[in-house]
Amino acid sequence: MRLFGLGRRAPPQAVAAVPEGMRIYAIGDVHGRFDLMTLLIERIAADDAARQPSETHVVMLGDLIDRGAESAQVIDFFLRDTPPFARFHQLMGNHEEMLLRLIDRPSEEAMAHFLRYGGRETFESYGTPQLMLDLADRYPPSAILAHVPETHRAFLRGMGDAIQVGDYLFVHAGIRPGVPLEDQAPEDVRWIRQPFLDSDEDHGAVVVHGHTISAAPEMRRNRIGIDTGAYASDVLTAVGLEGTERWLLNTAA
């Protein structure tokens with residue numbers, strides 16, 4: 001697993017903290033909802049501007065694509081100049097992994113699986129003809145995949161596995177309890193649910209993650225889950241972190 005660190009880890013203390021002078025926002029699973037993502041980033045920018053100046057970072061927790069209608073537009077947003085108020089980081093989710101696996105090892109079976117779990121909407125966002133998607137078994141997977149441009153493939157391949165900032169670890173899905181952070185397997189940080197979700201262990205950092213939908217953000221002692229099912233609920237959620245402070249932002253009216 002590629003584990004990137006930002007700033008120095010805070011000294012051991014009872015309450016998790018972000019290093020002094022830094023402010024972190026993490027955004028949950030976008031799933032092709034370009035409309036919600038841009039709205040939430042606007043709200044984050046306004047929230048950031050209302051606070052004291054800092055070194056601000058925004059971490060996208062993965063699953064930018066699939067299910068929603070505008071996956072291609074989401075990736076285009078990050079390939080263009082992102083808003084200057086913060087540095088943006090993109091982590092790979094299991095849906096990005098599925099698309100890359102399909103690109104690297106195309107097969108009819110893998111294509112059918114990807115289309116069934118939100119990939120159809122992704123290909124539609126790239127302008128893939130409806131006939132090809134309706135009759136995908138009659139077309140070679142490479143013909144459908146040809147609609148994903150090389151710039152987008154390179155973007156997906158460049159997504160990270162995890163970022164640690166002070167006492168917080170940012171990943172898509174979670175971690176394997178009992179395994180040192182630097183030894184976590186990429187498949188776990190992108191796919192795990194149990195035993196992570198029910199674990200009460202001290203993981204060595206508070207894990208901030210998406211992947212598992214909940215009706216409201218889950219703020220626990222050892223993890224913060226912020227996937228509120230934006231593609232279906234219309235609520236995309238972010239958590240803000242500065243010092244020992246935590247706060248939530250979302251797209252709800």
# chains A, B, ... in the order shown; residues from 1 in each chain; ligands from 1
>>> residues_around(residues="A:Ile24", least_positions_apart="3", cutoff="9 Å", atoms="only C-alpha atoms", output="ChimeraX atom specification")
/A:18,55-59,165,239-242
>>> write_last_selection(atoms="C-alpha atoms", output="PDB file, in the first residue's frame")
ATOM      1  CA  VAL A  18      -4.186  17.458  12.837  1.00  0.00           C
ATOM      2  CA  GLU A  55      -2.507  25.101   4.779  1.00  0.00           C
ATOM      3  CA  THR A  56      -5.717  23.519   3.462  1.00  0.00           C
ATOM      4  CA  HIS A  57      -6.083  20.096   1.867  1.00  0.00           C
ATOM      5  CA  VAL A  58      -9.122  18.318   0.426  1.00  0.00           C
ATOM      6  CA  VAL A  59      -9.050  14.506   0.317  1.00  0.00           C
ATOM      7  CA  VAL A 165      -2.193  13.440   8.465  1.00  0.00           C
ATOM      8  CA  VAL A 239     -15.743  16.190   7.426  1.00  0.00           C
ATOM      9  CA  GLY A 240     -13.483  19.089   8.386  1.00  0.00           C
ATOM     10  CA  LEU A 241     -10.523  18.631  10.715  1.00  0.00           C
ATOM     11  CA  GLU A 242      -8.277  21.227  12.351  1.00  0.00           C
TER      12      GLU A 242
END
>>> select_by_dssp(residues="stretch 9-222 of chain A", states="strand (DSSP E or B)", output="number ranges by chain")
A: 22-27, 55-60, 87-91, 160, 162-165, 168-170, 206-209, 218-219
>>> closest_residue(among="A:Met1, A:Leu169, A:Leu36, A:Ala146", to="A:Gly68", atoms="only C-alpha atoms")
A:Leu36
>>> closest_residue(among="A:Gly160, A:Thr82, A:Asp104, A:Val15", to="A:Ala45", atoms="only C-alpha atoms")
A:Thr82
>>> closest_residue(among="A:His209, A:Arg67, A:Arg101, A:Arg193", to="A:Gly28", atoms="only C-alpha atoms")
A:His209
>>> atom_distance(atom1="atom CA of A:Leu40", atom2="atom CA of A:Ala253")
11.2 Å
>>> residues_around(residues="A:Leu91", least_positions_apart="2", cutoff="9 Å", atoms="only C-alpha atoms", output="count of residues only")
16
>>> select_by_dssp(residues="stretch 32-187 of chain A", states="helix (DSSP H, G or I)", output="short mmCIF file (atom, residue, chain, number, x, y, z; two decimals) with C-alpha atoms, in the first residue's frame")
data_model
loop_
_atom_site.label_atom_id
_atom_site.label_comp_id
_atom_site.auth_asym_id
_atom_site.auth_seq_id
_atom_site.Cartn_x
_atom_site.Cartn_y
_atom_site.Cartn_z
CA PHE A 34 -20.79 16.11 -10.36
CA ASP A 35 -23.57 18.48 -9.31
CA LEU A 36 -23.30 17.56 -5.64
CA MET A 37 -19.50 17.49 -5.69
CA THR A 38 -19.16 21.01 -7.06
CA LEU A 39 -21.79 22.30 -4.63
CA LEU A 40 -20.01 20.72 -1.67
CA ILE A 41 -16.62 22.04 -2.78
CA GLU A 42 -18.15 25.54 -2.97
CA ARG A 43 -19.43 25.13 0.58
CA ILE A 44 -16.04 23.87 1.73
CA ALA A 45 -14.33 26.85 0.10
CA ALA A 46 -16.70 29.23 1.89
CA ASP A 47 -16.15 27.44 5.19
CA ASP A 48 -12.38 27.58 4.70
CA ALA A 49 -12.48 31.30 3.88
CA SER A 71 -18.43 10.30 -13.91
CA ALA A 72 -16.50 11.67 -16.90
CA GLN A 73 -17.26 15.23 -15.82
CA VAL A 74 -16.02 14.51 -12.30
CA ILE A 75 -12.66 13.33 -13.61
CA ASP A 76 -12.47 16.27 -16.03
CA PHE A 77 -12.88 18.59 -13.06
CA PHE A 78 -9.73 17.24 -11.43
CA LEU A 79 -7.79 17.24 -14.70
CA ASN A 94 -13.13 -0.11 -5.32
CA HIS A 95 -15.08 1.23 -8.32
CA GLU A 96 -11.99 2.83 -9.83
CA GLU A 97 -10.17 -0.43 -9.18
CA MET A 98 -12.90 -2.37 -11.02
CA LEU A 99 -12.64 -0.11 -14.07
CA LEU A 100 -8.85 -0.34 -14.17
CA ARG A 101 -9.01 -4.12 -13.82
CA LEU A 102 -11.43 -4.20 -16.76
CA ILE A 103 -9.12 -1.98 -18.82
CA ASP A 104 -6.10 -4.15 -18.04
CA GLU A 108 -17.17 -10.24 -21.27
CA GLU A 109 -17.69 -11.46 -17.71
CA ALA A 110 -15.83 -8.50 -16.18
CA MET A 111 -17.71 -6.08 -18.45
CA ALA A 112 -21.09 -7.52 -17.42
CA HIS A 113 -20.12 -7.22 -13.74
CA PHE A 114 -18.95 -3.62 -14.14
CA LEU A 115 -22.09 -2.57 -16.02
CA ARG A 116 -24.28 -4.18 -13.36
CA TYR A 117 -22.68 -2.24 -10.50
CA GLY A 118 -22.88 1.29 -11.87
CA GLY A 119 -20.49 1.10 -14.82
CA ARG A 120 -23.24 1.57 -17.38
CA GLU A 121 -23.75 5.14 -16.15
CA THR A 122 -20.01 5.72 -16.36
CA PHE A 123 -19.84 4.65 -20.00
CA GLU A 124 -22.94 6.74 -20.76
CA SER A 125 -21.12 9.78 -19.39
CA GLN A 130 -26.83 3.02 -25.83
CA LEU A 131 -27.00 0.12 -28.29
CA MET A 132 -23.51 -1.01 -27.31
CA LEU A 133 -24.48 -1.01 -23.64
CA ASP A 134 -27.84 -2.70 -24.22
CA ALA A 136 -22.76 -5.46 -24.52
CA ASP A 137 -22.36 -9.21 -25.01
CA ARG A 138 -22.35 -8.67 -28.80
CA PRO A 141 -15.15 -5.17 -24.36
CA SER A 142 -12.32 -3.22 -26.01
CA ALA A 143 -14.87 -1.44 -28.24
CA ILE A 144 -16.77 -0.15 -25.20
CA LEU A 145 -13.60 0.68 -23.27
CA GLU A 150 -6.07 7.92 -22.04
CA THR A 151 -5.96 11.04 -19.88
CA HIS A 152 -8.70 9.62 -17.68
CA ARG A 153 -7.00 6.23 -17.49
CA ALA A 154 -3.79 7.92 -16.37
CA PHE A 155 -5.72 9.88 -13.74
CA LEU A 156 -7.22 6.68 -12.33
CA ARG A 157 -3.83 4.97 -12.22
CA LEU A 181 -0.85 0.84 8.92
CA GLU A 182 2.17 0.65 6.62
CA ASP A 183 1.46 -3.06 5.95
CA PRO A 186 -4.57 -2.30 -1.11
CA GLU A 187 -7.53 -4.67 -1.48
#
>>> decode(residues="stretch 70-210 of chain A", atoms="C-alpha atoms", output="JSON list (two decimals), in the first residue's frame")
[["chain", "number", "residue", "atom", "x", "y", "z"],
["A", 70, "GLU", "CA", -21.52, 12.38, -14.68],
["A", 71, "SER", "CA", -18.43, 10.30, -13.91],
["A", 72, "ALA", "CA", -16.50, 11.67, -16.90],
["A", 73, "GLN", "CA", -17.26, 15.23, -15.82],
["A", 74, "VAL", "CA", -16.02, 14.51, -12.30],
["A", 75, "ILE", "CA", -12.66, 13.33, -13.61],
["A", 76, "ASP", "CA", -12.47, 16.27, -16.03],
["A", 77, "PHE", "CA", -12.88, 18.59, -13.06],
["A", 78, "PHE", "CA", -9.73, 17.24, -11.43],
["A", 79, "LEU", "CA", -7.79, 17.24, -14.70],
["A", 80, "ARG", "CA", -8.48, 20.95, -15.05],
["A", 81, "ASP", "CA", -7.29, 23.55, -12.57],
["A", 82, "THR", "CA", -8.94, 22.76, -9.24],
["A", 83, "PRO", "CA", -10.03, 25.62, -6.94],
["A", 84, "PRO", "CA", -6.97, 27.39, -5.58],
["A", 85, "PHE", "CA", -8.05, 27.53, -1.93],
["A", 86, "ALA", "CA", -6.72, 24.00, -1.24],
["A", 87, "ARG", "CA", -4.55, 21.18, -2.49],
["A", 88, "PHE", "CA", -6.68, 18.25, -3.68],
["A", 89, "HIS", "CA", -5.82, 14.56, -3.23],
["A", 90, "GLN", "CA", -7.67, 11.62, -4.80],
["A", 91, "LEU", "CA", -7.74, 8.14, -3.26],
["A", 92, "MET", "CA", -8.71, 5.07, -5.27],
["A", 93, "GLY", "CA", -12.00, 3.37, -4.43],
["A", 94, "ASN", "CA", -13.13, -0.11, -5.32],
["A", 95, "HIS", "CA", -15.08, 1.23, -8.32],
["A", 96, "GLU", "CA", -11.99, 2.83, -9.83],
["A", 97, "GLU", "CA", -10.17, -0.43, -9.18],
["A", 98, "MET", "CA", -12.90, -2.37, -11.02],
["A", 99, "LEU", "CA", -12.64, -0.11, -14.07],
["A", 100, "LEU", "CA", -8.85, -0.34, -14.17],
["A", 101, "ARG", "CA", -9.01, -4.12, -13.82],
["A", 102, "LEU", "CA", -11.43, -4.20, -16.76],
["A", 103, "ILE", "CA", -9.12, -1.98, -18.82],
["A", 104, "ASP", "CA", -6.10, -4.15, -18.04],
["A", 105, "ARG", "CA", -7.86, -7.52, -18.43],
["A", 106, "PRO", "CA", -10.97, -7.01, -20.55],
["A", 107, "SER", "CA", -13.46, -9.87, -20.66],
["A", 108, "GLU", "CA", -17.17, -10.24, -21.27],
["A", 109, "GLU", "CA", -17.69, -11.46, -17.71],
["A", 110, "ALA", "CA", -15.83, -8.50, -16.18],
["A", 111, "MET", "CA", -17.71, -6.08, -18.45],
["A", 112, "ALA", "CA", -21.09, -7.52, -17.42],
["A", 113, "HIS", "CA", -20.12, -7.22, -13.74],
["A", 114, "PHE", "CA", -18.95, -3.62, -14.14],
["A", 115, "LEU", "CA", -22.09, -2.57, -16.02],
["A", 116, "ARG", "CA", -24.28, -4.18, -13.36],
["A", 117, "TYR", "CA", -22.68, -2.24, -10.50],
["A", 118, "GLY", "CA", -22.88, 1.29, -11.87],
["A", 119, "GLY", "CA", -20.49, 1.10, -14.82],
["A", 120, "ARG", "CA", -23.24, 1.57, -17.38],
["A", 121, "GLU", "CA", -23.75, 5.14, -16.15],
["A", 122, "THR", "CA", -20.01, 5.72, -16.36],
["A", 123, "PHE", "CA", -19.84, 4.65, -20.00],
["A", 124, "GLU", "CA", -22.94, 6.74, -20.76],
["A", 125, "SER", "CA", -21.12, 9.78, -19.39],
["A", 126, "TYR", "CA", -18.37, 9.13, -21.96],
["A", 127, "GLY", "CA", -20.90, 9.09, -24.78],
["A", 128, "THR", "CA", -20.90, 5.33, -25.38],
["A", 129, "PRO", "CA", -23.86, 4.48, -27.67],
["A", 130, "GLN", "CA", -26.83, 3.02, -25.83],
["A", 131, "LEU", "CA", -27.00, 0.12, -28.29],
["A", 132, "MET", "CA", -23.51, -1.01, -27.31],
["A", 133, "LEU", "CA", -24.48, -1.01, -23.64],
["A", 134, "ASP", "CA", -27.84, -2.70, -24.22],
["A", 135, "LEU", "CA", -26.15, -5.45, -26.24],
["A", 136, "ALA", "CA", -22.76, -5.46, -24.52],
["A", 137, "ASP", "CA", -22.36, -9.21, -25.01],
["A", 138, "ARG", "CA", -22.35, -8.67, -28.80],
["A", 139, "TYR", "CA", -19.45, -6.20, -28.74],
["A", 140, "PRO", "CA", -15.85, -6.84, -27.73],
["A", 141, "PRO", "CA", -15.15, -5.17, -24.36],
["A", 142, "SER", "CA", -12.32, -3.22, -26.01],
["A", 143, "ALA", "CA", -14.87, -1.44, -28.24],
["A", 144, "ILE", "CA", -16.77, -0.15, -25.20],
["A", 145, "LEU", "CA", -13.60, 0.68, -23.27],
["A", 146, "ALA", "CA", -12.30, 2.73, -26.21],
["A", 147, "HIS", "CA", -14.60, 5.53, -25.06],
["A", 148, "VAL", "CA", -12.50, 6.10, -21.91],
["A", 149, "PRO", "CA", -9.70, 8.52, -22.93],
["A", 150, "GLU", "CA", -6.07, 7.92, -22.04],
["A", 151, "THR", "CA", -5.96, 11.04, -19.88],
["A", 152, "HIS", "CA", -8.70, 9.62, -17.68],
["A", 153, "ARG", "CA", -7.00, 6.23, -17.49],
["A", 154, "ALA", "CA", -3.79, 7.92, -16.37],
["A", 155, "PHE", "CA", -5.72, 9.88, -13.74],
["A", 156, "LEU", "CA", -7.22, 6.68, -12.33],
["A", 157, "ARG", "CA", -3.83, 4.97, -12.22],
["A", 158, "GLY", "CA", -2.39, 7.92, -10.31],
["A", 159, "MET", "CA", -4.89, 7.75, -7.46],
["A", 160, "GLY", "CA", -3.38, 6.93, -4.07],
["A", 161, "ASP", "CA", -4.11, 4.23, -1.53],
["A", 162, "ALA", "CA", -3.98, 6.20, 1.74],
["A", 163, "ILE", "CA", -2.91, 9.49, 3.28],
["A", 164, "GLN", "CA", -1.96, 9.98, 6.93],
["A", 165, "VAL", "CA", -2.19, 13.44, 8.46],
["A", 166, "GLY", "CA", -1.32, 13.68, 12.13],
["A", 167, "ASP", "CA", -3.53, 11.25, 14.01],
["A", 168, "TYR", "CA", -5.85, 10.61, 11.04],
["A", 169, "LEU", "CA", -5.61, 8.03, 8.26],
["A", 170, "PHE", "CA", -7.68, 8.60, 5.11],
["A", 171, "VAL", "CA", -8.65, 5.56, 3.01],
["A", 172, "HIS", "CA", -11.59, 4.51, 0.87],
["A", 173, "ALA", "CA", -13.06, 1.56, 2.77],
["A", 174, "GLY", "CA", -11.13, 0.95, 5.98],
["A", 175, "ILE", "CA", -8.24, -1.14, 7.25],
["A", 176, "ARG", "CA", -7.57, -4.67, 8.50],
["A", 177, "PRO", "CA", -7.60, -4.51, 12.32],
["A", 178, "GLY", "CA", -4.38, -5.71, 13.91],
["A", 179, "VAL", "CA", -2.23, -5.05, 10.84],
["A", 180, "PRO", "CA", 0.26, -2.12, 11.02],
["A", 181, "LEU", "CA", -0.85, 0.84, 8.92],
["A", 182, "GLU", "CA", 2.17, 0.65, 6.62],
["A", 183, "ASP", "CA", 1.46, -3.06, 5.95],
["A", 184, "GLN", "CA", -2.20, -2.72, 4.95],
["A", 185, "ALA", "CA", -3.11, -4.46, 1.68],
["A", 186, "PRO", "CA", -4.57, -2.30, -1.11],
["A", 187, "GLU", "CA", -7.53, -4.67, -1.48],
["A", 188, "ASP", "CA", -8.43, -4.10, 2.17],
["A", 189, "VAL", "CA", -8.23, -0.30, 2.10],
["A", 190, "ARG", "CA", -10.49, -0.32, -0.99],
["A", 191, "TRP", "CA", -12.93, -3.16, -0.19],
["A", 192, "ILE", "CA", -13.09, -4.08, 3.51],
["A", 193, "ARG", "CA", -16.23, -3.83, 5.60],
["A", 194, "GLN", "CA", -15.99, -6.43, 8.35],
["A", 195, "PRO", "CA", -14.23, -6.86, 10.67],
["A", 196, "PHE", "CA", -13.26, -3.19, 10.38],
["A", 197, "LEU", "CA", -16.67, -1.62, 10.86],
["A", 198, "ASP", "CA", -17.39, -3.37, 14.17],
["A", 199, "SER", "CA", -13.85, -3.16, 15.53],
["A", 200, "ASP", "CA", -13.26, -1.19, 18.72],
["A", 201, "GLU", "CA", -9.47, -1.49, 18.42],
["A", 202, "ASP", "CA", -7.12, 1.44, 18.50],
["A", 203, "HIS", "CA", -5.81, 1.37, 14.93],
["A", 204, "GLY", "CA", -2.94, 3.75, 15.63],
["A", 205, "ALA", "CA", -4.90, 6.50, 13.85],
["A", 206, "VAL", "CA", -8.52, 7.53, 13.48],
["A", 207, "VAL", "CA", -9.58, 6.11, 10.11],
["A", 208, "VAL", "CA", -11.61, 8.44, 7.89],
["A", 209, "HIS", "CA", -13.41, 6.46, 5.19],
["A", 210, "GLY", "CA", -16.35, 6.08, 2.82]]
